[in-house]
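One file, coords.txt, carrying compact mmCIF, C-alpha atoms:
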# COMPACT_ATOMS: atom_id res chain seq x y z
CA MET A 204 49.12 -45.40 -2.46
CA TYR A 205 51.71 -44.43 -5.04
CA TRP A 206 50.67 -47.07 -7.56
CA LEU A 207 47.01 -46.37 -6.98
CA ALA A 208 47.68 -42.71 -7.77
CA VAL A 209 49.57 -43.68 -10.94
CA VAL A 210 46.75 -45.94 -12.13
CA LEU A 211 44.11 -43.28 -11.40
CA ILE A 212 46.13 -40.57 -13.17
CA SER A 213 46.51 -42.83 -16.19
CA ILE A 214 42.73 -43.31 -16.32
CA VAL A 215 42.04 -39.59 -15.96
CA ASP A 216 44.61 -38.70 -18.62
CA THR A 217 43.15 -41.20 -21.05
CA LEU A 218 39.71 -39.68 -20.49
CA ILE A 219 41.06 -36.12 -20.91
CA THR A 220 42.83 -36.95 -24.16
CA ASP A 221 39.96 -39.01 -25.54
CA ASN A 222 37.43 -36.28 -24.68
CA LEU A 223 39.56 -33.59 -26.33
CA VAL A 224 39.84 -35.66 -29.49
CA ASP A 225 36.51 -37.50 -29.65
CA ASN A 226 34.09 -35.00 -28.10
CA LEU A 227 35.71 -31.62 -28.72
CA GLY A 228 37.25 -32.42 -32.10
CA VAL A 229 40.81 -31.41 -31.20
CA PRO A 230 43.13 -33.20 -33.66
CA LEU A 231 45.55 -35.77 -32.23
CA GLU A 232 48.48 -33.81 -33.67
CA ILE A 233 47.51 -30.69 -31.72
CA THR A 234 46.74 -32.66 -28.56
CA ALA A 235 50.14 -34.36 -28.70
CA VAL A 236 51.97 -31.08 -29.32
CA VAL A 237 50.14 -29.26 -26.50
CA PHE A 238 50.90 -32.01 -23.98
CA ALA A 239 54.52 -32.19 -25.19
CA VAL A 240 54.87 -28.43 -24.63
CA LEU A 241 53.28 -28.70 -21.18
CA LEU A 242 55.58 -31.59 -20.26
CA THR A 243 58.64 -29.72 -21.53
CA GLY A 244 57.57 -26.66 -19.53
CA THR A 245 57.19 -28.81 -16.43
CA PHE A 246 60.66 -30.33 -16.83
CA THR A 247 62.13 -26.88 -17.51
CA ALA A 248 60.54 -25.38 -14.40
CA TRP A 249 61.58 -28.40 -12.33
CA TYR A 250 65.20 -28.27 -13.47
CA ARG A 251 65.49 -24.47 -13.19
CA SER A 252 64.10 -24.44 -9.67
CA GLU A 253 65.68 -27.64 -8.33
CA ARG A 254 68.76 -28.24 -10.52
CA THR A 255 67.76 -31.90 -10.88
CA LEU A 256 65.15 -34.13 -12.43
CA SER A 257 66.13 -37.14 -10.35
CA ILE A 258 63.26 -39.08 -8.87
CA HIS A 259 65.62 -40.08 -6.07
CA THR A 260 65.72 -36.52 -4.76
CA ILE A 261 62.01 -35.82 -4.45
CA VAL A 262 62.22 -34.66 -0.87
CA THR A 263 60.27 -31.39 -0.96
CA SER A 264 56.67 -30.49 -1.68
CA ARG A 265 57.71 -28.45 -4.72
CA ARG A 266 59.65 -31.38 -6.21
CA GLU A 267 56.73 -33.70 -5.58
CA ALA A 268 54.29 -31.28 -7.21
CA LEU A 269 56.56 -30.99 -10.25
CA TYR A 270 56.94 -34.76 -10.37
CA TRP A 271 53.16 -35.33 -10.38
CA ALA A 272 52.70 -32.62 -13.02
CA ALA A 273 55.28 -34.43 -15.15
CA ILE A 274 53.43 -37.72 -14.65
CA LEU A 275 50.11 -36.09 -15.56
CA PHE A 276 51.45 -34.58 -18.79
CA THR A 277 53.46 -37.72 -19.61
CA PHE A 278 50.35 -39.88 -19.52
CA ALA A 279 48.24 -37.41 -21.49
CA LEU A 280 51.00 -37.06 -24.10
CA GLY A 281 51.44 -40.82 -24.21
CA THR A 282 47.77 -41.43 -24.92
CA ALA A 283 47.77 -38.81 -27.67
CA ALA A 284 51.05 -40.07 -29.19
CA GLY A 285 49.94 -43.71 -29.11
CA ASP A 286 46.63 -42.89 -30.78
CA LEU A 287 48.34 -40.58 -33.27
CA LEU A 288 50.73 -43.27 -34.50
CA ALA A 289 48.23 -46.14 -34.41
CA GLU A 290 45.15 -44.38 -35.72
CA GLY A 291 46.10 -40.92 -37.02
CA LEU A 292 49.09 -42.11 -39.04
CA ALA A 293 47.46 -45.51 -39.70
CA LEU A 294 50.43 -47.54 -38.44
CA GLY A 295 48.08 -49.79 -36.49
CA TYR A 296 48.44 -50.92 -32.91
CA TRP A 297 51.10 -53.52 -33.67
CA GLY A 298 53.18 -51.02 -35.66
CA SER A 299 52.98 -48.54 -32.79
CA ILE A 300 54.01 -51.21 -30.28
CA VAL A 301 57.11 -52.02 -32.35
CA ILE A 302 58.06 -48.35 -32.69
CA PHE A 303 57.66 -47.47 -29.01
CA ALA A 304 59.34 -50.69 -27.79
CA GLY A 305 62.18 -50.07 -30.25
CA LEU A 306 62.67 -46.53 -28.97
CA ILE A 307 62.76 -47.79 -25.38
CA ALA A 308 65.37 -50.38 -26.40
CA VAL A 309 67.50 -47.66 -28.00
CA ILE A 310 67.26 -45.58 -24.82
CA ALA A 311 68.20 -48.58 -22.67
CA ALA A 312 71.22 -49.26 -24.87
CA ALA A 313 72.28 -45.61 -24.83
CA SER A 314 72.06 -45.56 -21.04
CA THR A 315 73.84 -48.91 -20.66
CA TRP A 316 76.73 -47.71 -22.80
CA SER A 317 76.80 -44.31 -21.01
CA TRP A 318 75.77 -42.32 -24.07
CA LEU A 319 72.78 -40.95 -22.17
CA SER A 320 72.56 -39.95 -18.53
CA PRO A 321 70.52 -42.34 -16.39
CA ILE A 322 68.11 -39.56 -15.40
CA LEU A 323 67.40 -38.55 -18.99
CA ALA A 324 67.16 -42.22 -19.96
CA PHE A 325 64.63 -42.81 -17.20
CA TRP A 326 62.42 -39.91 -18.26
CA PHE A 327 62.62 -40.67 -22.00
CA ALA A 328 61.76 -44.32 -21.34
CA TYR A 329 59.03 -43.37 -18.87
CA ILE A 330 57.44 -41.04 -21.40
CA LEU A 331 57.44 -43.82 -24.00
CA THR A 332 55.94 -46.45 -21.69
CA ARG A 333 52.55 -44.74 -21.81
CA PRO A 334 52.05 -44.86 -25.59
CA LEU A 335 53.54 -48.36 -25.58
CA GLY A 336 51.02 -49.44 -22.93
CA ALA A 337 48.15 -47.67 -24.67
CA SER A 338 49.01 -49.27 -28.02
CA LEU A 339 49.37 -52.68 -26.39
CA GLY A 340 46.08 -52.23 -24.52
CA ASP A 341 44.31 -51.21 -27.70
CA TYR A 342 45.86 -54.11 -29.62
CA LEU A 343 44.67 -56.60 -27.03
CA SER A 344 41.21 -55.09 -26.43
CA GLN A 345 40.02 -53.83 -29.81
CA ALA A 346 38.04 -55.98 -32.22
CA PRO A 347 39.93 -57.75 -35.02
CA ASP A 348 38.11 -55.57 -37.56
CA ASP A 349 39.74 -52.57 -35.88
CA GLY A 350 43.23 -54.12 -35.86
CA GLY A 351 43.13 -55.72 -32.42
CA LEU A 352 42.93 -59.20 -30.94
CA GLY A 353 39.41 -58.72 -29.56
CA LEU A 354 40.11 -59.74 -25.96
CA GLY A 355 37.88 -56.94 -24.68
CA LYS A 356 38.49 -54.05 -22.31
CA VAL A 357 37.61 -55.91 -19.10
CA PHE A 358 39.98 -58.82 -19.75
CA THR A 359 42.76 -56.50 -20.97
CA SER A 360 42.34 -54.22 -17.93
CA ALA A 361 42.42 -57.23 -15.59
CA LEU A 362 45.55 -58.51 -17.35
CA PHE A 363 47.28 -55.14 -17.02
CA LEU A 364 46.25 -54.81 -13.36
CA ALA A 365 47.54 -58.31 -12.57
CA THR A 366 50.82 -57.51 -14.33
CA ILE A 367 51.24 -54.24 -12.43
CA LEU A 368 50.43 -55.89 -9.10
CA GLY A 369 52.80 -58.75 -9.86
CA LEU A 370 55.66 -56.43 -10.78
CA VAL A 371 55.11 -54.18 -7.76
CA ALA A 372 55.02 -57.23 -5.47
CA TYR A 373 58.17 -58.63 -7.09
CA LEU A 374 60.08 -55.36 -6.72
CA SER A 375 58.82 -54.91 -3.16
CA VAL A 376 60.19 -58.31 -2.20
CA THR A 377 63.43 -58.37 -4.22
CA LYS A 378 64.30 -54.65 -3.95
CA ARG A 379 65.84 -54.93 -7.45
CA ASP A 380 64.74 -51.37 -8.18
CA VAL A 381 66.63 -49.88 -5.22
CA SER A 382 69.98 -48.30 -6.06
CA ASP A 383 72.77 -47.31 -3.72
CA ARG A 384 73.83 -44.45 -5.94
CA ASP A 385 72.16 -41.33 -7.19
CA SER A 386 72.17 -41.91 -10.93
CA GLY A 387 72.46 -38.28 -11.95
CA ALA A 388 75.66 -37.38 -13.73
CA LEU A 389 74.13 -34.90 -16.16
CA LEU A 390 71.09 -33.70 -14.26
CA ARG A 391 72.14 -34.31 -10.70
For the structure just supplied, provide its representation as structure tokens.
Amino acid sequence: MYWLAVVLISIVDTLITDNLVDNLGVPLEITAVVFAVLLTGTFTAWYRSERTLSIHTIVTSRREALYWAAILFTFALGTAAGDLLAEGLALGYWGSIVIFAGLIAVIAAASTWSWLSPILAFWFAYILTRPLGASLGDYLSQAPDDGGLGLGKVFTSALFLATILGLVAYLSVTKRDVSDRDSGALLR
């Protein structure tokens, strides 16, 4: 149920962002800033009320509501940020992929070398996975004339779904994502 909810939220957020930009004429810059402010407000409210942002301590209805609000705004921001870099700033899909993947690598290194708390590292990386995925999806699905590979939306969606299902199955079997410790030094 969790992963179904995540996939559905990602679809809804893409539609919300695309409708704001394409149908209502809201610029990508404004859309990205508004969702960034809403996400920051969600994290602020979550931390002020719960004294943690750890996903390992979501044990109350309030924490779960704040978590899902963060996911909602993360995905909407990610769609806007991915489109802003790729299309608005004309970096192209491949350029956006490199930037977002590079930022995730920097976050992983900072967390590995204890320069960044694991909780902050998780959320920064999580926020960046959405524009990375959106840029990758656009790169794979869009026509070559538009800077993509032209694999189409159906094939790209099926590829992403198969990848998600494969990773979820792998983690369910191996339990490699289960930690014995609460990883929250800074935001415990």
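In this comparison, which uses only C-alpha atoms, the residue of A:Thr282, A:Thr366, A:Ser338, A:Gln345 approaching Leu223 of chain A most closely is A:Thr282.
The closest residue to Gly291 of chain A, picked from A:Leu323, A:Ile330, A:Ala304, A:Ala235 and counting all atoms listed in the file, is A:Ala235.
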Fill in the blank from the handout: Judged by only C-alpha atoms, the minimum distance to Val209 of chain A among A:Ala293, A:Leu256, A:Ile274, A:Leu227 is found for A:Ile274
Practice task
Could you please determine the separation between atom CA of Glu253 of chain A and atom CA of Ala268 of chain A in Å, to one decimal place?
Solution key: 12.0 Å
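As for atom CA of Thr245 of chain A and atom CA of Ile214 of chain A, they are spaced 20.5 Å apart.
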Exercise for the section: Show which residues sit within 10 Å of Gly353 of chain A, as an MDAnalysis selection string. Count all atoms listed in the file, and ignore same-chain residues fewer than 5 positions away. Expected result: chainID A and resid 341:348 358:359
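For the atom pair formed by atom CA of Leu370 of chain A and atom CA of Arg333 of chain A, the distance is 16.4 Å, given to one decimal.
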Exercise for the section: With all atoms listed in the file counted, which protein, DNA or RNA residues have an atom no more than 12 Å from (51.4, -43.5, -4.4) in the file frame? Please answer as a ChimeraX atom specification. Expected result: /A:204-212,267,270-271,274,371
Practice task
Excluding Ala289 of chain A and residues on its chain fewer than 2 positions from it, collect all residues at most 10 Å away from it, counting all atoms listed in the file, and give them as JSON, numbers by chain.
Solution key: {"A": [283, 284, 285, 286, 287, 291, 292, 293, 294, 295, 296, 297, 298, 299, 300, 334, 337, 338, 341, 342, 350]}
Practice task
Select, from A:Val381, A:Gly340, A:Phe238, A:Ala311, the residue with the minimum atom-to-atom distance to Trp326 of chain A, counting all atoms listed in the file.
Solution key: A:Ala311
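Proximity ranking of A:Ala279, A:Ser252, A:Ala273, A:Ser360 relative to Val236 of chain A places A:Ala279 first, based on all atoms listed in the file.
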Hey, could you pull the box centre and edge lengths for segment 226-233 of chain A, axis-aligned, 6 Å padding per side, all listed atoms, to one decimal in Å, as AutoDock Vina command-line options?
--center_x 41.3 --center_y -33.2 --center_z -30.9 --size_x 26.4 --size_y 17.1 --size_z 17.6
